[in-house]
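Scroll down for the structure; my scribbles are underneath it.
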There are 2 protein chains.
Amino acid sequence: MTKNQINTKCRLAVDAMGGDFAPKNIILGALDALKEADFQLLLVGDRSKILESAKLENVSISEEMIVHSSQIIEMDDTPTTALKSKPDSSIVIGAKLVKENKADAFISAGNTGAMMAASTLIMGRIQGVSRPTIGASFPTIENKKCLLFDVGASVDSKPQHLFEYAVLGSIYAKEMYGIDKPSVGMLSVGEEEAKGNEVTFAASRLLKESKVNFLGNVEGRDVLKGTVDVIVCDGFVGNIVLKFGESVLTLLKTRIRKYADQGIMNKIYALIVKKVLKASLSDMDYQTHGGVPLLGVNGISIIGHGSSSPLAIKNMVLRAKEMYDKQLIQKFERALIEYSTSK
Amino acid sequence: MTKNQINTKCRLAVDAMGGDFAPKNIILGALDALKEADFQLLLVGDRSKILESAKLENVSISEEMIVHSSQIIEMDDTPTTALKSKPDSSIVIGAKLVKENKADAFISAGNTGAMMAASTLIMGRIQGVSRPTIGASFPTIENKKCLLFDVGASVDSKPQHLFEYAVLGSIYAKEMYGIDKPSVGMLSVGEEEAKGNEVTFAASRLLKESKVNFLGNVEGRDVLKGTVDVIVCDGFVGNIVLKFGESVLTLLKTRIRKYADQGIMNKIYALIVKKVLKASLSDMDYQTHGGVPLLGVNGISIIGHGSSSPLAIKNMVLRAKEMYDKQLIQKFERALIEYSTSK
């Protein structure tokens with residue numbers, strides 16, 4: 001394979017060993033994606049385990065689909081240590097495939113920290129990026145999306161980092177959601193310009209002078225309100241909001257279950273509630289967007305929930321394909337130069 | 001009235017002019033509280049407006065209940081400016097009543113920032129408190145409460161501030177919720193000790209060496225899980241979590257309304273959903289706890305939603321009474337000395 005093949009298929013590497021239900025869910029999800037899109041699938045992981053699982057599930061995996069790796073980074077392994085001690089792990093091998101231009105993207109539902117570290121250290125960063133960032137997509141009242149950056153790639157962000165998140169987030173929202181000039185807000189404790197902390201004040205100054213479509217401060221309630229398309233914040237704050245948000249559905253489910261336990265009428269009512277909530281909150285299902293992209297690394301890297309279902313895996317793979325088709329990495333690179341210059 | 005009266009009734013000052021539905025909701029709520037508890041009510045505000053509203057609502061307000069003030073700090077006034085320019089406002093007068101020992105507590109649903117500033121500057125801080133803090137109470141899966149400090153009294157907290165929040169929060173949880181040794185967690189991006197930012201690391205060290213029942217890091221999902229009784233965080237983070245949390249119910253309501261609009265069966269189903277959610281999430285109704293206490297100031301100060309209903313006002317007043325009966329201020333003072341010493 002030469003380094004710059006032309007007219008070849010997009011090659012998507014998927015970590016077959018990552019996640020609580022690997023390799024089964026990974027294989028099923030990746031094969032489902034193959035039915036919907038045209039790409040070359042590379043399953044990174046233990047050959048015999050992949051073939052064994054495929055046999056059990058009665059699906060066909062060809063030898064060319066497998067990139068063998070002998071080691072597995074477990075969910076509770078310490079990321080940086082694991083990268084060194086497990087050089088033949090599926091996560092390290094997958095990131096290397098992208099680095100060496102043998103794959104166009106890498107997708108994993110494995111150890112999030114290891115996936116972040118491997119992508120950053122092996123693929124490297126895009127020029128102009130100080131710190132890669134993970135974005136999460138929130139549903140909004142108006143059935144739109146609100147993207148929050150950063151939700152945990154790093155903490156103690158500097159103003160420059162928040163500025164970069166805004167640029168990466170703008171491009172992502174534009175290309176992936178088709179929003180012409182994505183509006184960007186700074187997550188803060190009040191809408192007024194005087195509300196915020198030292199970092200948000202300095203980052204807002206940078207954004208105001210740039211070509212980012214920056215609308216100023218937004219509050220916690222604006223995430224679900226969908227006041228802006230992209231919200232930037234320190235990864236410490238974003239991670240807490242994301243996990244808090246996920247737990248709201250857990251609370252809701254638990255409370256409804258308890259209600260259902262209080263008699264036969266309650267049980268019937270609870271069934272109706274489940275049906276209505278499922279219909280009304282379908283876009284809150286993590287499976288629909290699958291995983292979160294790690295933006296700012298020099299390659300497409302998508303990180304999924306450990307508990308990813310085949311549907312979640314399928315959507316992660318399809319999203320990676322879309323990012324490739326839309327040449328996101330190249331667009332990020334250009335934008336980081338272009339957006340920094342004054343209006 | 002001598003300064004140290006003994007065996008007098010608890011005197012609760014209520015800002016009759018504060019909130020979107022003042023003085024009506026304030027008067028009605030305060031009078032409802034009087035039916036349930038024995039205290040001396042002081043309505044701070046414009047005498048003629050108070051009497052006029054009472055007449056309209058057909059309730060009786062005696063002259064001794066009114067502490068006249070001629071000015072009103074509006075919801076959109078800048079707090080510190082308003083304190084200076086409106087020295088005869090109900091908020092300034094109310095805080096002064098506590099400072100001058102003419103009232104034992106002050107309750108307002110008015111301008112939050114002005115109420116915080118007036119309480120802090122006029123009542124002063126308890127010895128050992130660097131910054132007062134506002135706590136919010138979250139419902140949990142197990143139908144307990146989880147208290148979050150700080151939810152917006154200040155940002156850019158230092159480790160010492162988080163330590164003080166933990167002490168104040170512990171005493172509050174112990175006295176008001178009857179929890180023997182309230183467990184305290186540090187809001188962070190992971191449970192592991194190595195996860196966090198510079199401030200949480202340093203604050204955790206202080207807490208580990210103290211008598212606070214500190215259990216280490218908790219995550220965003222632990223707020224509603226109820227993993228610990230009290231969670232401490234910087235006011236920037238807490239405020240965003242609080243407002244995000246409030247908006248979840250708005251999202252839910254909007255989505256269900258949209259569902260209901262899609263046909264007659266949907267409308268019937270939606271009614272059932274509302275009924276079930278109301279029963280299952282009753283503790284999520286802000287009215288039940290009314291307002292949030294500002295802890296660390298040298299007096300009882302409770303701040304309510306601008307849109308406070310009479311029920312919310314009633315519960316705020318009753319809570320102030322409970323804080324007075326349980327001698328919270330004195331207990332805070334003692335705890336700040338006691339908890340700081342090593343285990």
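By convention in this document, the chains of the structure tokens carry letters A, B, ... by their order, each chain's residues are numbered from 1, and ligands are numbered from 1 in the order they are shown.
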Could you list the residues in chain A lying within 8 Å of chain B, using only C-alpha atoms, and format the result as a VMD selection string? chain A and resid 140 to 141 152 155 to 156 187 to 189 196 to 198 219 to 225 236 to 237 239 to 248 251 254 to 256 259 269 to 270 272 to 273 276 to 277 280 to 281
Write out as a ChimeraX atom specification which residues come within 7 Å of Leu148 (chain A) when counting only C-alpha atoms, dropping same-chain ones fewer than 2 positions away. /A:135-137,146,150-151,230-232,238
File dump, residues just selected, C-alpha atoms, as an mmCIF file, in the first residue's frame:
data_model
loop_
_atom_site.group_PDB
_atom_site.id
_atom_site.type_symbol
_atom_site.label_atom_id
_atom_site.label_comp_id
_atom_site.auth_asym_id
_atom_site.auth_seq_id
_atom_site.Cartn_x
_atom_site.Cartn_y
_atom_site.Cartn_z
ATOM 1 C CA GLY A 135 -17.330 17.303 22.583
ATOM 2 C CA ALA A 136 -20.726 16.065 23.669
ATOM 3 C CA SER A 137 -23.991 16.694 21.905
ATOM 4 C CA CYS A 146 -26.107 21.862 21.357
ATOM 5 C CA ASP A 150 -14.701 20.323 26.453
ATOM 6 C CA VAL A 151 -16.364 17.524 28.404
ATOM 7 C CA VAL A 230 -21.685 25.451 20.435
ATOM 8 C CA ILE A 231 -20.807 26.098 24.075
ATOM 9 C CA VAL A 232 -17.239 26.161 25.322
ATOM 10 C CA GLY A 238 -18.176 20.135 30.963
#
If we count only C-alpha atoms and set the cut-off at 10 Å, which residues sit around Leu295 (chain B), ignoring sequence neighbours fewer than 4 positions away in its own chain? Please answer as number ranges by chain. B: 119-120, 125-126, 129, 131-135, 149-150, 153, 165, 168-169, 172, 299-302, 328-329, 332
Create the file for the chosen residues now, containing C-alpha atoms and written as a tab-separated table (two decimals), in the first residue's frame.
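Produced file again_8.tsv, reproduced below:
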chain	number	residue	atom	x	y	z
B	119	SER	CA	-26.31	40.13	53.85
B	120	THR	CA	-22.54	39.89	53.53
B	125	ARG	CA	-19.38	37.21	58.10
B	126	ILE	CA	-19.12	34.61	60.84
B	129	VAL	CA	-15.59	32.37	57.05
B	131	ARG	CA	-16.68	33.78	51.70
B	132	PRO	CA	-20.36	33.09	52.34
B	133	THR	CA	-21.90	30.31	50.28
B	134	ILE	CA	-25.26	29.39	48.81
B	135	GLY	CA	-26.32	25.78	48.96
B	149	PHE	CA	-22.18	24.13	47.99
B	150	ASP	CA	-21.42	26.59	46.41
B	153	ALA	CA	-22.12	32.97	45.76
B	165	TYR	CA	-18.18	25.19	52.42
B	168	LEU	CA	-20.90	24.90	56.82
B	169	GLY	CA	-22.60	22.26	54.67
B	172	TYR	CA	-26.45	22.43	57.87
B	299	GLY	CA	-27.32	36.10	60.61
B	300	ILE	CA	-29.97	34.00	58.95
B	301	SER	CA	-30.45	35.03	55.33
B	302	ILE	CA	-32.64	33.12	52.91
B	328	LEU	CA	-27.43	27.38	63.28
B	329	ILE	CA	-25.30	30.53	63.39
B	332	PHE	CA	-21.45	27.28	62.43
Surrounding residues of Glu64 (chain A) excluding itself and chain neighbours under 4 positions, 12 Å, only C-alpha atoms, as a VMD selection string: chain A and resid 11 40 to 44 47 60 68
Selection export as an mmCIF file, in the first residue's frame, atoms kept: N, CA and C atoms:
data_model
loop_
_atom_site.group_PDB
_atom_site.id
_atom_site.type_symbol
_atom_site.label_atom_id
_atom_site.label_comp_id
_atom_site.auth_asym_id
_atom_site.auth_seq_id
_atom_site.Cartn_x
_atom_site.Cartn_y
_atom_site.Cartn_z
ATOM 1 N N ARG A 11 -10.752 3.872 4.908
ATOM 2 C CA ARG A 11 -10.419 2.717 5.744
ATOM 3 C C ARG A 11 -10.689 3.049 7.209
ATOM 4 N N GLN A 40 -13.708 0.362 3.851
ATOM 5 C CA GLN A 40 -12.938 -0.829 4.181
ATOM 6 C C GLN A 40 -12.864 -0.949 5.697
ATOM 7 N N LEU A 41 -13.368 -2.058 6.223
ATOM 8 C CA LEU A 41 -13.384 -2.244 7.680
ATOM 9 C C LEU A 41 -12.124 -2.941 8.157
ATOM 10 N N LEU A 42 -11.514 -2.375 9.196
ATOM 11 C CA LEU A 42 -10.355 -3.009 9.817
ATOM 12 C C LEU A 42 -10.675 -3.265 11.287
ATOM 13 N N LEU A 43 -10.835 -4.509 11.654
ATOM 14 C CA LEU A 43 -11.104 -4.842 13.051
ATOM 15 C C LEU A 43 -9.779 -5.101 13.752
ATOM 16 N N VAL A 44 -9.457 -4.255 14.730
ATOM 17 C CA VAL A 44 -8.172 -4.392 15.410
ATOM 18 C C VAL A 44 -8.379 -5.202 16.683
ATOM 19 N N ARG A 47 -7.068 -12.012 16.780
ATOM 20 C CA ARG A 47 -7.645 -12.701 15.613
ATOM 21 C C ARG A 47 -8.567 -13.845 16.019
ATOM 22 N N SER A 60 -19.999 -13.295 9.009
ATOM 23 C CA SER A 60 -18.780 -13.623 8.287
ATOM 24 C C SER A 60 -17.761 -12.476 8.356
ATOM 25 N N HIS A 68 -4.382 -7.974 13.512
ATOM 26 C CA HIS A 68 -4.179 -8.674 14.778
ATOM 27 C C HIS A 68 -3.412 -7.832 15.794
#
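The residues of region 188-340 of chain A that DSSP classifies as strand (DSSP E), using the backbone of this structure, are Phe214, Leu215, Gly216, Asn217, Val218, Val230, Ile231, Val232, Gly291, Val292, Pro293, Leu294, Leu295, Ile300, Ser301, Ile302, Ile303 and Gly304 of chain A.
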Serialized selection, C-alpha atoms, as a tab-separated table (two decimals), in the first residue's frame:
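Below is the file selection.tsv, written as the result:
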chain	number	residue	atom	x	y	z
A	214	PHE	CA	-19.23	34.47	19.42
A	215	LEU	CA	-22.40	35.60	21.21
A	216	GLY	CA	-21.00	36.01	24.73
A	217	ASN	CA	-21.97	34.29	27.96
A	218	VAL	CA	-24.57	31.59	28.31
A	230	VAL	CA	-21.68	25.45	20.44
A	231	ILE	CA	-20.81	26.10	24.08
A	232	VAL	CA	-17.24	26.16	25.32
A	291	GLY	CA	-19.61	8.16	20.77
A	292	VAL	CA	-17.79	11.43	21.10
A	293	PRO	CA	-15.10	12.63	18.70
A	294	LEU	CA	-11.71	13.67	20.04
A	295	LEU	CA	-11.04	16.87	18.13
A	300	ILE	CA	-10.15	10.92	13.20
A	301	SER	CA	-10.59	9.42	16.66
A	302	ILE	CA	-13.97	8.50	18.10
A	303	ILE	CA	-14.45	7.32	21.65
A	304	GLY	CA	-17.54	5.40	22.73
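Excluding Leu34 (chain A) and any residue on its chain fewer than 4 positions from it, the residues at most 9 Å away by only C-alpha atoms are Gly29, Ala30, Asp38, Phe39, Gln40, Leu41, Lys314, Val317 and Leu318 of chain A.
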Next, write the just-selected residues to a file, as a tab-separated table (two decimals), in the first residue's frame, keeping C-alpha atoms as the atom set.
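As a result, result-v4.tsv now contains:
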chain	number	residue	atom	x	y	z
A	29	GLY	CA	-22.13	-2.90	14.93
A	30	ALA	CA	-19.25	-2.57	12.45
A	38	ASP	CA	-19.04	1.75	1.47
A	39	PHE	CA	-15.72	1.56	3.32
A	40	GLN	CA	-12.94	-0.83	4.18
A	41	LEU	CA	-13.38	-2.24	7.68
A	314	LYS	CA	-22.63	1.33	14.00
A	317	VAL	CA	-18.39	4.04	12.55
A	318	LEU	CA	-20.77	5.92	10.24
Check the DSSP output for the backbone and give back, as a PyMOL selection string, the residues of region 50-269 of chain B in helix (DSSP H, G or I). chain B and resi 50-57+63-65+79-85+90-99+112-123+159-177+198-208+222-225+235-260+264-269
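The environment of region 109-112 of chain B within 6 Å, counting only C-alpha atoms and disregarding residues fewer than 5 places along the same chain, consists of Gly18, Gly19, Met75, Ile303, Gly304, His305 and Gly306 of chain B.
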Would you export the selected residues with C-alpha atoms as a PDB file, in the first residue's frame, please?
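Saved file out10.pdb follows:
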ATOM      1  CA  GLY B  18     -38.969  41.221  46.622  1.00  0.00           C
ATOM      2  CA  GLY B  19     -39.952  38.966  43.749  1.00  0.00           C
ATOM      3  CA  MET B  75     -34.540  42.566  39.792  1.00  0.00           C
ATOM      4  CA  ILE B 303     -32.848  33.929  49.214  1.00  0.00           C
ATOM      5  CA  GLY B 304     -35.787  32.820  47.079  1.00  0.00           C
ATOM      6  CA  HIS B 305     -36.721  32.502  43.424  1.00  0.00           C
ATOM      7  CA  GLY B 306     -38.023  35.718  41.920  1.00  0.00           C
TER       8      GLY B 306
END
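CA of Ala114 (chain B) lies 20.4 Å from CA of Ser309 (chain B).
In this structure, CA of Glu100 (chain A) sits 11.6 Å away from CA of Gly124 (chain A).
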Shell of 9 Å around Ser340 (chain A), only C-alpha atoms, local chain residues under 6 positions omitted, as a PyMOL selection string: chain A and resi 163+167+206-207+209-212
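Closest approach to Asn101 (chain A) from the set A:Cys10, A:Asp283, A:Thr80, A:Met265 is made by A:Cys10, with distances taken over only C-alpha atoms.
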In Å and to one decimal, CA of Thr81 (chain B) is distant from CA of Gly128 (chain B) by 27.3 Å
